[in-house]
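J.: The structure file target-v3.csv (CSV, C-alpha atoms and all ligand atoms) is provided below.
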chain,number,residue,atom,x,y,z
A,22,MET,CA,-35.8,50.5,10.2
A,23,ASN,CA,-35.6,46.9,11.3
A,24,ILE,CA,-39.2,46.0,12.3
A,25,GLY,CA,-40.5,42.9,13.9
A,26,ILE,CA,-44.2,42.0,13.8
A,27,ILE,CA,-45.1,39.4,16.5
A,28,VAL,CA,-48.5,37.9,16.1
A,29,TYR,CA,-50.7,35.6,18.1
A,30,SER,CA,-53.7,34.6,16.1
A,31,LEU,CA,-56.0,31.6,16.3
A,32,THR,CA,-58.3,32.0,13.3
A,33,ASN,CA,-56.0,34.1,11.2
A,34,HIS,CA,-57.9,37.4,11.4
A,35,THR,CA,-55.0,39.1,13.3
A,36,LEU,CA,-52.5,37.4,11.1
A,37,THR,CA,-54.2,38.7,8.0
A,38,ALA,CA,-54.1,42.3,9.2
A,39,ALA,CA,-50.5,41.8,10.3
A,40,THR,CA,-49.6,40.5,6.9
A,41,ARG,CA,-51.1,43.6,5.2
A,42,LEU,CA,-49.0,45.7,7.6
A,43,LYS,CA,-45.9,43.7,6.7
A,44,GLU,CA,-46.5,44.3,3.0
A,45,LYS,CA,-46.9,48.1,3.6
A,46,LEU,CA,-43.9,48.5,5.8
A,47,SER,CA,-41.8,46.4,3.3
A,48,ALA,CA,-43.0,48.7,0.5
A,49,ASP,CA,-41.8,51.6,2.6
A,50,GLU,CA,-38.4,50.0,2.5
A,51,HIS,CA,-38.2,48.8,6.1
A,52,GLU,CA,-36.7,45.4,6.8
A,53,VAL,CA,-39.7,43.5,8.2
A,54,THR,CA,-40.0,40.1,9.9
A,55,LEU,CA,-43.3,38.6,10.9
A,56,GLU,CA,-43.2,35.9,13.5
A,57,ARG,CA,-45.9,34.1,15.4
A,58,ALA,CA,-46.1,33.3,19.1
A,59,GLU,CA,-47.7,29.9,19.3
A,60,THR,CA,-48.6,27.3,22.0
A,61,VAL,CA,-47.9,23.6,21.8
A,62,GLY,CA,-50.9,21.5,20.9
A,63,PRO,CA,-54.1,22.5,19.0
A,64,ALA,CA,-54.6,26.1,18.2
A,65,LYS,CA,-58.0,26.4,20.0
A,66,PRO,CA,-59.2,28.7,22.8
A,67,GLN,CA,-59.6,25.8,25.2
A,68,PHE,CA,-55.9,25.0,24.9
A,69,GLU,CA,-54.5,28.5,25.3
A,70,ASN,CA,-53.0,27.8,28.7
A,71,ALA,CA,-50.6,25.4,27.0
A,72,GLU,CA,-46.9,26.1,27.1
A,73,LEU,CA,-45.5,28.5,24.5
A,74,LYS,CA,-44.0,26.6,21.6
A,75,THR,CA,-42.4,29.7,20.0
A,76,LYS,CA,-41.2,32.9,21.7
A,77,PRO,CA,-39.9,35.1,18.9
A,78,PRO,CA,-36.8,37.0,20.1
A,79,VAL,CA,-37.1,40.8,20.1
A,80,ASP,CA,-33.4,41.6,20.1
A,81,GLY,CA,-32.1,43.3,17.0
A,82,TYR,CA,-35.3,45.1,16.1
A,83,ASP,CA,-35.6,48.9,16.2
A,84,ALA,CA,-39.3,48.7,16.3
A,85,LEU,CA,-41.9,46.1,17.1
A,86,VAL,CA,-45.6,45.6,16.5
A,87,PHE,CA,-47.4,43.2,18.8
A,88,ALA,CA,-50.7,41.9,17.4
A,89,CYS,CA,-53.4,39.6,18.9
A,90,PRO,CA,-57.2,39.2,19.2
A,91,VAL,CA,-59.3,40.3,22.1
A,92,ARG,CA,-60.2,37.3,24.2
A,93,GLY,CA,-63.0,37.6,26.8
A,94,GLY,CA,-62.1,41.3,27.3
A,95,THR,CA,-58.5,40.5,28.0
A,96,ILE,CA,-55.2,39.7,26.3
A,97,PRO,CA,-55.2,36.1,25.2
A,98,SER,CA,-53.1,34.1,27.7
A,99,PRO,CA,-50.3,33.1,25.2
A,100,MET,CA,-49.7,36.8,24.2
A,101,LYS,CA,-49.8,37.9,27.8
A,102,ARG,CA,-47.3,35.2,28.8
A,103,TYR,CA,-45.1,36.0,25.8
A,104,LEU,CA,-45.0,39.7,26.6
A,105,GLU,CA,-44.3,39.0,30.3
A,106,GLN,CA,-41.2,36.9,29.4
A,107,ILE,CA,-39.6,39.4,27.1
A,108,PRO,CA,-36.4,40.5,28.9
A,109,SER,CA,-36.4,44.2,27.8
A,110,LEU,CA,-38.0,46.5,25.2
A,111,GLN,CA,-35.8,49.4,26.2
A,112,ASP,CA,-35.4,51.9,23.3
A,113,LYS,CA,-37.8,49.9,21.1
A,114,LYS,CA,-40.5,51.8,19.2
A,115,VAL,CA,-43.6,49.7,19.8
A,116,ALA,CA,-47.1,49.6,18.4
A,117,CYS,CA,-49.9,47.3,19.5
A,118,LEU,CA,-52.7,46.0,17.3
A,119,VAL,CA,-55.8,44.0,18.1
A,120,THR,CA,-58.7,42.4,16.1
A,121,HIS,CA,-62.0,42.0,17.8
A,122,PHE,CA,-65.7,41.3,17.4
A,123,PHE,CA,-67.6,43.7,19.7
A,124,ARG,CA,-67.5,47.4,19.9
A,125,ARG,CA,-64.2,48.8,21.1
A,126,GLU,CA,-65.4,49.5,24.6
A,127,TRP,CA,-66.2,45.8,25.1
A,128,GLY,CA,-62.7,44.6,25.2
A,129,ALA,CA,-60.5,46.1,22.6
A,130,ASN,CA,-59.7,49.3,24.5
A,131,GLN,CA,-58.9,47.3,27.7
A,132,VAL,CA,-56.7,44.9,25.8
A,133,LEU,CA,-54.8,47.7,24.1
A,134,ALA,CA,-54.3,49.4,27.4
A,135,ALA,CA,-53.1,46.2,29.0
A,136,MET,CA,-50.7,45.5,26.2
A,137,GLN,CA,-49.4,49.1,26.3
A,138,ALA,CA,-48.8,48.8,30.1
A,139,LEU,CA,-47.0,45.5,29.7
A,140,CYS,CA,-44.7,46.9,27.0
A,141,GLU,CA,-44.0,50.0,29.0
A,142,SER,CA,-43.2,47.9,32.0
A,143,LYS,CA,-40.4,46.5,29.8
A,144,GLY,CA,-39.1,49.9,28.9
A,145,ALA,CA,-40.7,50.4,25.5
A,146,THR,CA,-42.0,53.6,24.1
A,147,VAL,CA,-45.5,52.8,22.8
A,148,ARG,CA,-45.9,54.9,19.7
A,149,GLY,CA,-49.4,53.9,18.9
A,150,THR,CA,-52.2,51.4,18.9
A,151,GLY,CA,-54.8,50.2,16.4
A,152,ASP,CA,-57.8,47.9,16.2
A,153,VAL,CA,-59.9,46.2,13.5
A,154,ARG,CA,-63.4,45.2,14.2
A,155,TRP,CA,-63.3,42.0,12.2
A,156,PHE,CA,-66.9,41.5,11.2
A,157,SER,CA,-67.6,45.2,10.5
A,158,LEU,CA,-68.8,46.0,7.0
A,159,HIS,CA,-65.9,48.4,6.9
A,160,ARG,CA,-63.2,45.8,7.7
A,161,LYS,CA,-61.2,46.5,4.6
A,162,GLN,CA,-61.1,50.2,5.3
A,163,GLN,CA,-60.3,49.6,8.9
A,164,ILE,CA,-57.3,47.4,8.0
A,165,ALA,CA,-56.1,50.0,5.5
A,166,GLN,CA,-56.4,52.7,8.1
A,167,VAL,CA,-54.6,50.8,10.8
A,168,VAL,CA,-51.8,49.9,8.3
A,169,GLU,CA,-51.5,53.5,7.2
A,170,ASN,CA,-51.4,54.8,10.8
A,171,VAL,CA,-48.8,52.3,11.9
A,172,SER,CA,-46.7,52.9,8.8
A,173,GLN,CA,-46.7,56.6,9.6
A,174,LEU,CA,-45.4,56.0,13.1
A,175,TYR,CA,-42.3,54.5,11.6
A,176,GLY,CA,-41.8,56.7,8.5
A,177,SER,CA,-40.1,55.5,5.4
B,201,LIG,C1,-63.2,32.6,23.2
B,201,LIG,C2,-63.3,33.9,22.5
B,201,LIG,C3,-63.5,35.1,23.2
B,201,LIG,C4,-63.6,36.3,22.5
B,201,LIG,N1,-63.8,37.4,23.3
B,201,LIG,C5,-64.0,38.6,22.7
B,201,LIG,C6,-64.2,39.8,23.4
B,201,LIG,O1,-64.2,39.8,24.6
B,201,LIG,N2,-64.3,41.0,22.7
B,201,LIG,C7,-64.4,41.0,21.4
B,201,LIG,O2,-64.6,42.1,20.8
B,201,LIG,N3,-64.1,39.9,20.6
B,201,LIG,C8,-64.0,38.7,21.2
B,201,LIG,N4,-63.7,37.6,20.5
B,201,LIG,C9,-63.6,37.7,19.0
B,201,LIG,C10,-62.2,37.7,18.5
B,201,LIG,O3,-61.4,38.7,19.2
B,201,LIG,C11,-62.1,38.0,17.0
B,201,LIG,O4,-62.8,37.1,16.3
B,201,LIG,C12,-60.7,38.1,16.5
B,201,LIG,O5,-60.7,38.8,15.3
B,201,LIG,C13,-60.0,36.7,16.3
B,201,LIG,O6,-58.7,36.9,15.9
B,201,LIG,P1,-57.7,35.7,15.4
B,201,LIG,O7,-58.4,35.1,14.2
B,201,LIG,O8,-56.5,36.4,15.1
B,201,LIG,O9,-57.6,34.8,16.5
B,201,LIG,C14,-63.6,36.4,21.1
B,201,LIG,C15,-63.4,35.2,20.4
B,201,LIG,C16,-63.3,34.0,21.0
B,201,LIG,C17,-63.1,32.7,20.2
Would you write the structure of this file as structure tokens?

T.:
Amino acid sequence: MNIGIIVYSLTNHTLTAATRLKEKLSADEHEVTLERAETVGPAKPQFENAELKTKPPVDGYDALVFACPVRGGTIPSPMKRYLEQIPSLQDKKVACLVTHFFRREWGANQVLAAMQALCESKGATVRGTGDVRWFSLHRKQQIAQVVENVSQLYGS
């Protein structure tokens, strides 16, 4: 399967988890591309309303994973704007992944639901979602679990 992983990440937590996922999906013999959605200017929370510098195209992928942090209980503005401008996700198998600080109920669940709704509004079938609570003592296990769960969605 041709899989695109599109990541928005400021301090590289989400990028790290997405990179692990790329390694696993590649080992499962999928063709995997990881691309970043980024804004112009400094990569800092106070500049997140800046214009998108990169808008990775989604054409050509059978499946997509969208990954970002939780930001004030919502989708970070760049990822939201990126998802909103995608023309169509019709027939794409999508998974959504977030990293976060607080318990799931304090933002991660809401962000995953919002990402899912945005992707479905573009015609995607959302196969699954996952989260990593970054400063948990069990972070390594959580990343491994998310990677395993997403890789199972796409088979090998
Ligand atoms: C401005 C700001 C707001 C945040 N808001 C939340 C939040 O509402 N809920 C939460 O669980 N974590 C929150 N976090 C923590 C980040 O989601 C977490 O550190 C994440 O792993 C960062 O990912 P990144 O390095 O890929 O950007 C916030 C972090 C920042 C800087």

J.: Return as an MDAnalysis selection string every polymer residue, whether protein, DNA or RNA, with at least one atom no more than 7 Å from an atom of ligand LIG 201 (chain B); count all atoms listed in the file.

T.: chainID A and resid 29:36 66 89:95 120:125 127:129 155

J.: Looking at all atoms listed in the file, which of A:Ala116, A:Gln163, A:Glu44, A:Leu133 is the one that sits closest to Gly149 of chain A?

T.: A:Ala116

J.: What is the distance, in Å and to one decimal place, between atom CA of Val115 of chain A and atom CA of Glu72 of chain A?

T.: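 Here the two named atoms are 24.9 Å from each other.
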
J.: Have a look at atom CA of His159 of chain A and atom CA of Thr37 of chain A and let me know their distance in Å, one decimal.

T.: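 About the pair atom CA of His159 of chain A and atom CA of Thr37 of chain A: they are 15.2 Å apart.
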
J.: Using all atoms listed in the file, which of A:Ile107, A:Asn23, A:Leu46, A:Thr75 sits nearest Ser177 of chain A?

T.: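 Of A:Ile107, A:Asn23, A:Leu46, A:Thr75, the one nearest Ser177 of chain A, counting all atoms listed in the file, is A:Leu46.
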
J.: Nearest to Lys101 of chain A: which of A:Lys65, A:Val28, A:Thr40, A:Phe156 is it, counting only C-alpha atoms?

T.: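 When distances to Lys101 of chain A are compared using only C-alpha atoms, the smallest one comes from A:Val28.
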
J.: Nearest to Asn70 of chain A among A:Met100, A:Leu158, A:Val147, A:Val132, with distances taken over only C-alpha atoms: which residue is it?

T.: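 Going through A:Met100, A:Leu158, A:Val147, A:Val132 one by one, the smallest distance to Asn70 of chain A is for A:Met100.
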
J.: Using only C-alpha atoms, can you tell me which of A:Ala58, A:Ile24, A:Ala38, A:Leu139 comes closest to Arg154 of chain A?

T.: A:Ala38

J.: Find the distance between atom CA of Phe87 of chain A and atom CA of Ile26 of chain A and write it in Å to one decimal.

T.: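 These atoms are spaced 6.1 Å apart.
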
J.: Which residue, A:Phe68, A:Gly151, A:Glu56, A:Lys113, has the smallest gap to Pro97 of chain A when you use all atoms listed in the file?

T.: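 Ranking A:Phe68, A:Gly151, A:Glu56, A:Lys113 by distance to Pro97 of chain A, first place goes to A:Phe68.
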
J.: Residues within 9 Å of Arg148 of chain A, please, as a PyMOL selection string. Count only C-alpha atoms; anything in the same chain fewer than 5 positions from it doesn't count.

T.: chain A and resi 114-117+171+174-175

J.: Could you give me, as a PyMOL selection string, the residues within 12 Å of Ser172 of chain A, counting only C-alpha atoms and dropping anything in the same chain fewer than 6 positions from it?

T.: chain A and resi 22+24+39+41-51+53+84-86+115-116+148-151+164-166

J.: Give me the residues within 7 Å of Pro99 of chain A as an MDAnalysis selection string, counting only C-alpha atoms and dropping any in the same chain fewer than 6 places off.

T.: chainID A and resid 60 69:70 73

J.: So which residues fall inside 10 Å of (-31.0, 42.2, 15.5) if we count only C-alpha atoms? Mind giving them as a PyMOL selection string?

T.: chain A and resi 23-25+78-83
